[in-house]
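A.B. asks: Take a look at input05.cif, mmCIF, C-alpha atoms and all ligand atoms:
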data_work
loop_
_atom_site.label_atom_id
_atom_site.label_comp_id
_atom_site.auth_asym_id
_atom_site.auth_seq_id
_atom_site.Cartn_x
_atom_site.Cartn_y
_atom_site.Cartn_z
CA MET A 1112 143.90 262.77 144.78
CA GLU A 1113 142.36 260.08 142.62
CA GLY A 1114 145.26 260.39 140.19
CA GLN A 1115 147.64 259.87 143.07
CA HIS A 1116 145.80 256.68 144.07
CA MET A 1117 145.85 255.38 140.54
CA ARG A 1118 149.55 256.06 140.21
CA THR A 1119 150.21 254.28 143.51
CA ALA A 1120 148.11 251.32 142.36
CA PHE A 1121 149.97 251.25 139.05
CA ILE A 1122 153.37 251.32 140.76
CA ALA A 1123 152.21 248.54 143.10
CA ALA A 1124 151.10 246.44 140.14
CA VAL A 1125 154.41 246.94 138.32
CA TRP A 1126 156.30 246.14 141.51
CA ALA A 1127 154.25 242.96 142.03
CA ALA A 1128 154.87 241.86 138.44
CA ALA A 1129 158.61 242.52 138.78
CA SER A 1130 158.71 240.62 142.08
CA VAL A 1131 157.00 237.60 140.57
CA SER A 1132 159.30 237.50 137.55
CA SER A 1133 162.37 237.85 139.77
CA GLN A 1134 161.34 234.60 141.52
CA ALA A 1135 162.01 232.48 138.47
CA GLY A 1136 165.29 231.97 136.69
CA SER A 1137 165.76 230.91 133.09
CA ILE A 1138 167.97 228.87 130.79
CA ALA A 1139 169.30 230.44 127.60
CA PHE A 1140 171.12 228.92 124.62
CA THR A 1141 174.16 231.09 123.99
CA GLY A 1142 174.79 229.90 120.41
CA THR A 1143 178.42 229.13 121.23
CA SER A 1144 180.38 225.99 121.90
CA VAL A 1145 183.37 226.06 124.18
CA ASP A 1146 186.55 224.04 124.47
CA LEU A 1147 186.51 222.17 127.76
CA GLY A 1148 190.02 220.85 127.21
CA GLY A 1149 189.15 217.44 128.57
CA THR A 1150 190.00 214.00 127.31
CA GLY A 1151 186.72 212.23 127.99
CA PHE A 1152 183.95 212.17 130.53
CA GLY A 1153 186.17 211.42 133.51
CA ASN A 1154 186.84 215.09 134.17
CA VAL A 1155 183.49 216.73 133.56
CA LEU A 1156 180.51 216.93 135.88
CA ASN A 1157 178.16 214.56 134.05
CA VAL A 1158 174.44 214.75 134.68
CA LEU A 1159 172.55 213.11 131.80
CA SER A 1160 173.64 210.76 129.03
CA VAL A 1161 171.10 209.47 126.53
CA ALA A 1162 171.69 207.01 123.70
CA HIS A 1163 169.15 205.68 121.23
CA LYS A 1164 168.88 205.53 117.45
CA ASN A 1165 166.73 208.27 115.81
CA THR A 1166 165.30 209.83 119.00
CA GLU A 1167 166.44 210.12 122.62
CA TYR A 1168 164.91 211.17 125.90
CA GLY A 1169 165.50 210.30 129.52
CA SER A 1170 165.88 211.50 133.06
CA VAL A 1171 167.85 211.37 136.27
CA THR A 1172 166.46 212.30 139.67
CA TRP A 1173 167.31 211.41 143.27
CA ASN A 1174 165.13 209.46 145.69
CA GLY A 1175 167.02 210.34 148.85
CA SER A 1176 169.51 207.50 148.67
CA ALA A 1177 170.09 206.65 145.01
CA ASP A 1178 169.72 208.02 141.51
CA VAL A 1179 166.60 207.14 139.56
CA LEU A 1180 167.21 206.79 135.82
CA GLY A 1181 164.51 206.82 133.15
CA GLY A 1182 164.04 206.46 129.40
CA ASP A 1183 167.20 206.23 127.30
CA ALA A 1184 169.41 207.33 130.21
CA THR A 1185 170.80 203.91 130.95
CA ASN A 1186 174.49 204.66 131.40
CA SER A 1187 174.79 205.08 135.17
CA SER A 1188 178.45 206.09 135.00
CA LYS A 1189 177.58 209.18 132.95
CA THR A 1190 174.09 209.83 134.29
CA GLN A 1191 173.99 210.98 137.88
CA SER A 1192 172.35 213.63 140.01
CA VAL A 1193 174.94 216.16 141.11
CA ALA A 1194 175.57 217.53 144.61
CA SER A 1195 178.23 219.97 145.86
CA MET A 1196 178.35 221.80 142.54
CA GLN A 1197 180.01 224.76 144.25
CA ALA A 1198 183.18 222.64 144.54
CA SER A 1199 183.37 222.66 140.73
CA GLY A 1200 183.24 226.45 140.51
CA ILE A 1201 179.51 226.76 139.94
CA GLY A 1202 177.89 229.58 141.89
CA GLY A 1203 175.56 232.54 141.55
CA THR A 1204 174.69 232.81 137.86
CA ASN A 1205 178.07 231.35 136.86
CA PHE A 1206 176.40 228.13 135.90
CA ALA A 1207 176.27 226.36 132.54
CA VAL A 1208 174.85 223.16 131.12
CA TYR A 1209 177.02 221.89 128.28
CA PHE A 1210 175.50 219.76 125.54
CA ASN A 1211 178.00 217.42 123.93
CA GLY A 1212 176.56 215.38 121.08
CA ASN A 1213 178.29 212.38 119.60
CA GLU A 1214 177.27 211.86 116.00
CA PRO A 1215 178.71 210.11 112.93
CA GLY A 1216 180.36 212.24 110.25
CA ASN A 1217 177.73 211.40 107.63
CA ALA A 1218 174.83 212.64 109.82
CA PRO A 1219 176.48 215.08 112.19
CA SER A 1220 173.53 217.12 113.43
CA VAL A 1221 170.82 216.52 116.02
CA THR A 1222 167.71 218.52 116.83
CA LEU A 1223 167.43 219.41 120.48
CA HIS A 1224 164.08 220.37 122.02
CA ASP A 1225 163.09 221.29 125.57
CA PHE A 1226 164.79 219.99 128.70
CA THR A 1227 164.29 220.58 132.41
CA LEU A 1228 166.70 220.90 135.32
CA HIS A 1229 165.41 219.54 138.64
CA PHE A 1230 166.70 221.28 141.76
CA LEU A 1231 166.24 218.82 144.61
CA ASP A 1232 166.96 218.65 148.30
CA SER A 1233 168.99 215.82 149.85
CA ALA A 1234 165.81 213.77 150.35
CA GLY A 1235 164.98 214.09 146.67
CA LEU A 1236 162.11 216.53 147.15
CA SER A 1237 161.73 219.26 144.56
CA LEU A 1238 162.99 222.73 145.47
CA PHE A 1239 162.09 224.05 142.00
CA ASP A 1240 162.40 223.18 138.32
CA LEU A 1241 163.86 225.28 135.55
CA ALA A 1242 163.05 224.52 131.91
CA TYR A 1243 164.82 225.35 128.69
CA THR A 1244 162.25 226.03 125.97
CA ALA A 1245 163.63 225.52 122.48
CA PRO A 1246 162.50 227.62 119.53
CA VAL A 1247 159.71 226.16 117.37
CA GLY A 1248 161.20 223.28 115.38
CA GLY A 1249 164.02 222.84 117.90
CA LEU A 1250 167.70 223.71 117.79
CA ASN A 1251 169.62 221.99 115.01
CA ILE A 1252 173.15 221.52 116.32
CA SER A 1253 176.33 219.91 115.02
CA ASP A 1254 180.12 220.40 115.39
CA PHE A 1255 180.41 218.73 118.75
CA GLY A 1256 184.12 218.00 119.00
CA GLY A 1257 185.36 215.13 121.09
CA THR A 1258 183.36 213.57 123.88
CA GLY A 1259 183.97 215.41 127.12
CA GLN A 1260 186.18 217.91 125.34
CA ALA A 1261 183.68 220.44 124.09
CA GLY A 1262 180.08 221.45 124.53
CA TRP A 1263 177.41 223.86 123.43
CA LEU A 1264 176.73 226.27 126.23
CA PHE A 1265 173.37 226.86 127.89
CA GLN A 1266 173.53 229.51 130.60
CA VAL A 1267 171.49 228.80 133.72
CA MET A 1268 170.40 232.06 135.33
CA LEU A 1269 168.99 231.44 138.80
CA SER A 1270 167.07 234.22 140.53
CA GLY A 1271 168.45 235.50 143.83
CA ALA A 1272 165.87 233.49 145.75
CA GLU A 1273 166.72 230.33 143.80
CA GLN A 1274 170.45 230.83 144.39
CA ALA A 1275 169.89 231.19 148.12
CA LEU A 1276 167.65 228.13 148.21
CA PHE A 1277 169.81 225.83 146.09
CA TYR A 1278 173.39 226.87 146.92
CA GLY A 1279 172.46 227.30 150.61
CA ASN A 1280 172.93 223.59 151.22
CA THR A 1281 175.72 221.65 149.50
CA ALA A 1282 173.72 218.43 149.95
CA ASN A 1283 171.09 219.70 147.49
CA ARG A 1284 171.26 217.94 144.16
CA LEU A 1285 170.59 218.62 140.52
CA GLY A 1286 168.75 216.23 138.23
CA MET A 1287 167.66 216.63 134.63
CA SER A 1288 165.07 215.31 132.24
CA ILE A 1289 164.06 215.32 128.60
CA ALA A 1290 160.41 214.29 128.23
CA SER A 1291 159.52 211.65 125.63
CA GLY A 1292 157.52 214.27 123.73
CA GLN A 1293 160.61 216.51 123.59
CA ALA A 1294 163.05 213.79 122.51
CA ILE A 1295 166.26 214.78 120.75
CA GLU A 1296 165.89 213.92 117.04
CA LEU A 1297 168.26 212.73 114.28
CA THR A 1298 170.40 210.79 116.73
CA ALA A 1299 172.81 208.00 115.82
CA GLY A 1300 176.15 206.66 117.02
CA GLY A 1301 177.32 207.31 120.58
CA ALA A 1302 175.48 208.90 123.49
CA GLU A 1303 174.55 212.56 123.71
CA ASN A 1304 175.74 214.00 127.00
CA PHE A 1305 174.93 216.93 129.22
CA PHE A 1306 177.34 218.10 131.87
CA LEU A 1307 177.67 221.03 134.24
CA GLY A 1308 180.28 223.63 134.93
CA PRO A 1309 181.03 227.31 135.34
CA ILE A 1310 180.68 229.45 132.24
CA ARG A 1311 183.62 229.29 129.86
CA THR A 1312 184.41 231.53 126.92
CA ASP A 1313 187.15 229.70 124.98
CA PRO A 1314 185.64 228.76 121.61
CA GLY A 1315 185.18 225.10 120.80
CA PRO A 1316 185.04 223.30 117.44
CA GLY A 1317 181.67 224.76 116.45
CA GLY A 1318 182.02 227.86 118.56
CA GLN A 1319 181.41 230.80 116.32
CA PRO A 1320 180.37 233.51 118.73
CA THR A 1321 177.81 235.80 117.15
CA PRO A 1322 179.46 239.11 116.20
CA GLU A 1323 179.32 241.68 118.95
CA PRO A 1324 177.49 244.94 118.25
CA ALA A 1325 180.84 246.78 118.14
CA SER A 1326 182.29 244.56 115.40
CA LEU A 1327 178.95 244.63 113.54
CA ALA A 1328 179.19 248.42 113.56
CA VAL A 1329 182.69 248.22 112.05
CA TRP A 1330 181.38 245.94 109.28
CA GLY A 1331 178.50 248.37 108.74
CA VAL A 1332 180.89 251.31 108.30
CA LEU A 1333 183.04 249.21 105.92
CA ALA A 1334 179.98 248.24 103.85
CA VAL A 1335 178.83 251.87 103.59
CA GLY A 1336 182.36 252.88 102.57
CA LEU A 1337 182.53 250.15 99.88
CA VAL A 1338 179.15 251.17 98.43
CA ALA A 1339 180.24 254.82 98.37
CA ALA A 1340 183.52 253.89 96.67
CA ALA A 1341 181.67 251.78 94.08
CA LYS A 1342 179.33 254.69 93.33
CA ARG A 1343 182.30 257.07 92.94
CA ARG A 1344 183.95 254.61 90.55
CA GLN A 1345 180.74 254.29 88.55
CA ALA A 1346 180.36 258.07 88.41
CA ALA A 1347 183.95 258.39 87.16
CA ILE A 1348 183.36 255.97 84.23
CA CA B 1 172.53 212.89 113.38
CA CA B 2 174.66 210.17 119.09
#
Please go through the file and, once you have read it, give me the structure as structure tokens.

C.D. replies:
Amino acid sequence: MEGQHMRTAFIAAVWAAASVSSQAGSIAFTGTSVDLGGTGFGNVLNVLSVAHKNTEYGSVTWNGSADVLGGDATNSSKTQSVASMQASGIGGTNFAVYFNGNEPGNAPSVTLHDFTLHFLDSAGLSLFDLAYTAPVGGLNISDFGGTGQAGWLFQVMLSGAEQALFYGNTANRLGMSIASGQAIELTAGGAENFFLGPIRTDPGPGGQPTPEPASLAVWGVLAVGLVAAAKRRQAAI
């Protein structure tokens, strides 16, 4: 009887933990860049553009009637909170943030740290935030392609509750921020830009998708075969 109680309590605890974790979504770096096929920023859903030499941070939120820009996000034509994202094909977990750097050829990389997406209602009040947490030392990224034409893909995975809350009203808006303590490093040249869209899979200029397990297995079999062949050759000598 006591065992039964303990098992029930254990199941309840696991269920509670699972319920809590299902409340919060996450943002993941996919390690791939994709070709957006654009010719500039006129045909992407811009959210944040930051430009500053050496380090960059900044933010865009919504106060109920206008965007509020902060830090190095001074370009109001490329920094704007976004409403009606569903019209651009974003929905469910089919939701990406694309990072499109703009760096000179002699210093092509930047180091990206944490950033936060702000899910807001039409009055600018917070529905919830979702943060991307970079690995220790940040993500060193290069190979950006043209501005507005390519981007490194971060997948935004909203929980079911977050999807219902955010997509439930097309007047809800998305803002974004990079805190000063999480500034992008090694920046030069033109602005670094973040824009939104559905998930794409066509590889961009730096887009080297990590090998899938199936193709890794093929390489593994090939390697084993080559080693075996080398041993046979050695034995024959
Ligand atoms: Ca650089
Ligand atoms: Ca730059």

A.B. asks: For CA of Leu1297 (chain A) and CA of Ser1220 (chain A), quote the distance in Å rounded to one decimal.

C.D. replies: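 Between CA of Leu1297 (chain A) and CA of Ser1220 (chain A) the gap is 6.9 Å.
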
A.B. asks: Within 10 Å of ligand CA 1 (chain B), which residues of chain A come that close, and what is the closest atom pair and distance in Å for each? Count only C-alpha atoms and all ligand atoms and give it as a tab-separated table.

C.D. replies:
residue	atom	partner	partner_atom	distance
A:Lys1164	CA	B:CA1	CA	9.2
A:Asn1165	CA	B:CA1	CA	7.8
A:Thr1166	CA	B:CA1	CA	9.7
A:Gly1212	CA	B:CA1	CA	9.0
A:Asn1213	CA	B:CA1	CA	8.5
A:Glu1214	CA	B:CA1	CA	5.5
A:Pro1215	CA	B:CA1	CA	6.8
A:Gly1216	CA	B:CA1	CA	8.5
A:Asn1217	CA	B:CA1	CA	7.9
A:Ala1218	CA	B:CA1	CA	4.2
A:Pro1219	CA	B:CA1	CA	4.7
A:Ser1220	CA	B:CA1	CA	4.3
A:Val1221	CA	B:CA1	CA	4.8
A:Thr1222	CA	B:CA1	CA	8.2
A:Asn1251	CA	B:CA1	CA	9.7
A:Ile1252	CA	B:CA1	CA	9.1
A:Ser1253	CA	B:CA1	CA	8.1
A:Ile1295	CA	B:CA1	CA	9.9
A:Glu1296	CA	B:CA1	CA	7.7
A:Leu1297	CA	B:CA1	CA	4.4
A:Thr1298	CA	B:CA1	CA	4.5
A:Ala1299	CA	B:CA1	CA	5.5
A:Gly1300	CA	B:CA1	CA	8.1

A.B. asks: When you look at Trp1173 (chain A) with a cut-off of 7 Å (counting all atoms listed in the file), what residues show up, excluding the ones that are within fewer than 6 positions of it in the same chain? I need them as a count of residues only.

C.D. replies: 3

A.B. asks: Of the residues A:Gly1271, A:Gly1292, A:Gly1257, A:Gly1315, which is the one nearest to ligand CA 2 (chain B), using all atoms listed in the file?

C.D. replies: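 Between A:Gly1271, A:Gly1292, A:Gly1257, A:Gly1315, the residue approaching ligand CA 2 (chain B) most closely is A:Gly1257.
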
A.B. asks: Compare A:Leu1238, A:Ala1162, A:Ala1272, A:Ala1207 by their minimum atom-to-atom distance to ligand CA 2 (chain B), counting only C-alpha atoms and all ligand atoms, and give me the closest one.

C.D. replies: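 Comparing A:Leu1238, A:Ala1162, A:Ala1272, A:Ala1207 against ligand CA 2 (chain B), the winner is A:Ala1162.
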
A.B. asks: Save region 1113-1254 of chain A from what I just supplied, as a tab-separated table (two decimals), in the first residue's frame, atoms limited to C-alpha atoms.

C.D. replies:
chain	number	residue	atom	x	y	z
A	1113	GLU	CA	2.80	2.36	0.95
A	1114	GLY	CA	4.67	1.39	-2.22
A	1115	GLN	CA	1.58	2.25	-4.22
A	1116	HIS	CA	1.44	5.70	-2.58
A	1117	MET	CA	5.09	6.33	-3.25
A	1118	ARG	CA	4.72	5.32	-6.87
A	1119	THR	CA	1.71	7.63	-7.24
A	1120	ALA	CA	3.66	10.48	-5.63
A	1121	PHE	CA	6.60	9.80	-7.93
A	1122	ILE	CA	4.40	9.80	-11.03
A	1123	ALA	CA	2.77	13.03	-9.84
A	1124	ALA	CA	6.19	14.63	-9.36
A	1125	VAL	CA	7.36	13.56	-12.83
A	1126	TRP	CA	4.10	14.79	-14.33
A	1127	ALA	CA	4.46	18.16	-12.56
A	1128	ALA	CA	8.04	18.54	-13.78
A	1129	ALA	CA	7.01	17.67	-17.35
A	1130	SER	CA	4.11	20.14	-17.18
A	1131	VAL	CA	6.36	22.95	-16.00
A	1132	SER	CA	8.97	22.32	-18.70
A	1133	SER	CA	6.27	22.16	-21.38
A	1134	GLN	CA	5.27	25.74	-20.45
A	1135	ALA	CA	8.50	27.22	-21.74
A	1136	GLY	CA	9.81	27.15	-25.27
A	1137	SER	CA	13.42	27.49	-26.34
A	1138	ILE	CA	15.66	28.90	-29.04
A	1139	ALA	CA	18.30	26.69	-30.64
A	1140	PHE	CA	21.18	27.50	-33.00
A	1141	THR	CA	20.95	25.02	-35.87
A	1142	GLY	CA	24.53	25.49	-37.11
A	1143	THR	CA	23.31	26.13	-40.64
A	1144	SER	CA	22.89	29.18	-42.79
A	1145	VAL	CA	20.19	29.32	-45.42
A	1146	ASP	CA	19.77	31.12	-48.70
A	1147	LEU	CA	16.89	33.56	-48.40
A	1148	GLY	CA	17.11	34.49	-52.06
A	1149	GLY	CA	16.50	38.15	-51.36
A	1150	THR	CA	18.18	41.22	-52.71
A	1151	GLY	CA	18.33	43.33	-49.57
A	1152	PHE	CA	16.29	44.06	-46.48
A	1153	GLY	CA	13.18	45.17	-48.33
A	1154	ASN	CA	11.81	41.65	-48.54
A	1155	VAL	CA	12.64	40.18	-45.16
A	1156	LEU	CA	10.81	40.62	-41.88
A	1157	ASN	CA	13.36	42.78	-40.05
A	1158	VAL	CA	13.29	42.99	-36.28
A	1159	LEU	CA	16.66	44.20	-34.98
A	1160	SER	CA	19.59	45.92	-36.68
A	1161	VAL	CA	22.64	46.91	-34.65
A	1162	ALA	CA	25.72	48.76	-35.88
A	1163	HIS	CA	28.75	49.80	-33.85
A	1164	LYS	CA	32.48	49.27	-34.12
A	1165	ASN	CA	33.94	46.44	-31.96
A	1166	THR	CA	30.80	45.60	-29.95
A	1167	GLU	CA	27.05	45.89	-30.55
A	1168	TYR	CA	23.92	45.59	-28.48
A	1169	GLY	CA	20.45	47.06	-28.64
A	1170	SER	CA	16.74	46.50	-28.40
A	1171	VAL	CA	13.34	47.08	-29.90
A	1172	THR	CA	10.09	46.89	-27.96
A	1173	TRP	CA	6.60	48.36	-28.40
A	1174	ASN	CA	4.92	50.88	-26.10
A	1175	GLY	CA	1.40	50.45	-27.43
A	1176	SER	CA	1.67	53.02	-30.19
A	1177	ALA	CA	5.29	53.14	-31.36
A	1178	ASP	CA	8.52	51.18	-31.35
A	1179	VAL	CA	11.05	51.92	-28.63
A	1180	LEU	CA	14.66	51.53	-29.80
A	1181	GLY	CA	17.66	51.20	-27.50
A	1182	GLY	CA	21.45	50.90	-27.60
A	1183	ASP	CA	23.04	50.52	-31.02
A	1184	ALA	CA	19.69	49.81	-32.69
A	1185	THR	CA	19.33	53.19	-34.29
A	1186	ASN	CA	18.19	52.27	-37.79
A	1187	SER	CA	14.41	52.53	-37.52
A	1188	SER	CA	13.84	51.24	-41.05
A	1189	LYS	CA	15.43	47.90	-40.17
A	1190	THR	CA	14.56	47.77	-36.48
A	1191	GLN	CA	10.89	47.30	-35.77
A	1192	SER	CA	8.62	45.21	-33.59
A	1193	VAL	CA	6.71	42.74	-35.74
A	1194	ALA	CA	2.98	42.00	-35.73
A	1195	SER	CA	0.93	39.64	-37.94
A	1196	MET	CA	3.83	37.23	-38.33
A	1197	GLN	CA	1.41	34.52	-39.44
A	1198	ALA	CA	1.00	36.42	-42.73
A	1199	SER	CA	4.67	35.68	-43.45
A	1200	GLY	CA	4.26	31.94	-42.98
A	1201	ILE	CA	5.34	31.80	-39.35
A	1202	GLY	CA	3.21	29.52	-37.19
A	1203	GLY	CA	3.40	26.72	-34.65
A	1204	THR	CA	7.08	25.85	-34.28
A	1205	ASN	CA	7.78	26.84	-37.90
A	1206	PHE	CA	9.51	29.95	-36.71
A	1207	ALA	CA	13.11	31.08	-37.23
A	1208	VAL	CA	15.25	34.06	-36.34
A	1209	TYR	CA	17.90	34.62	-39.01
A	1210	PHE	CA	21.16	36.33	-38.10
A	1211	ASN	CA	22.74	38.14	-41.02
A	1212	GLY	CA	26.09	39.72	-40.20
A	1213	ASN	CA	27.77	42.26	-42.41
A	1214	GLU	CA	31.52	42.19	-41.96
A	1215	PRO	CA	34.58	43.24	-43.98
A	1216	GLY	CA	36.58	40.53	-45.76
A	1217	ASN	CA	39.67	41.07	-43.62
A	1218	ALA	CA	37.78	40.47	-40.34
A	1219	PRO	CA	34.80	38.39	-41.39
A	1220	SER	CA	33.70	36.83	-38.11
A	1221	VAL	CA	31.71	38.09	-35.14
A	1222	THR	CA	31.06	36.51	-31.76
A	1223	LEU	CA	27.40	36.33	-30.89
A	1224	HIS	CA	26.25	35.92	-27.28
A	1225	ASP	CA	22.80	35.74	-25.71
A	1226	PHE	CA	19.70	37.46	-27.09
A	1227	THR	CA	16.07	37.60	-26.02
A	1228	LEU	CA	12.82	37.64	-27.96
A	1229	HIS	CA	10.02	39.68	-26.36
A	1230	PHE	CA	6.48	38.44	-27.02
A	1231	LEU	CA	4.20	41.41	-26.42
A	1232	ASP	CA	0.53	42.21	-26.63
A	1233	SER	CA	-0.82	45.12	-28.69
A	1234	ALA	CA	-0.46	47.45	-25.69
A	1235	GLY	CA	3.20	46.52	-25.36
A	1236	LEU	CA	2.76	44.43	-22.22
A	1237	SER	CA	4.88	41.31	-21.93
A	1238	LEU	CA	3.20	37.98	-22.70
A	1239	PHE	CA	6.49	36.12	-22.17
A	1240	ASP	CA	10.18	36.27	-23.07
A	1241	LEU	CA	12.28	33.60	-24.69
A	1242	ALA	CA	16.08	33.73	-24.47
A	1243	TYR	CA	18.80	32.20	-26.58
A	1244	THR	CA	21.73	31.23	-24.36
A	1245	ALA	CA	24.99	30.98	-26.26
A	1246	PRO	CA	27.68	28.46	-25.35
A	1247	VAL	CA	30.47	29.70	-23.04
A	1248	GLY	CA	32.67	32.05	-25.07
A	1249	GLY	CA	29.85	32.74	-27.55
A	1250	LEU	CA	29.24	31.60	-31.10
A	1251	ASN	CA	31.94	32.64	-33.55
A	1252	ILE	CA	30.20	33.07	-36.89
A	1253	SER	CA	31.25	34.19	-40.37
A	1254	ASP	CA	30.22	33.49	-44.00
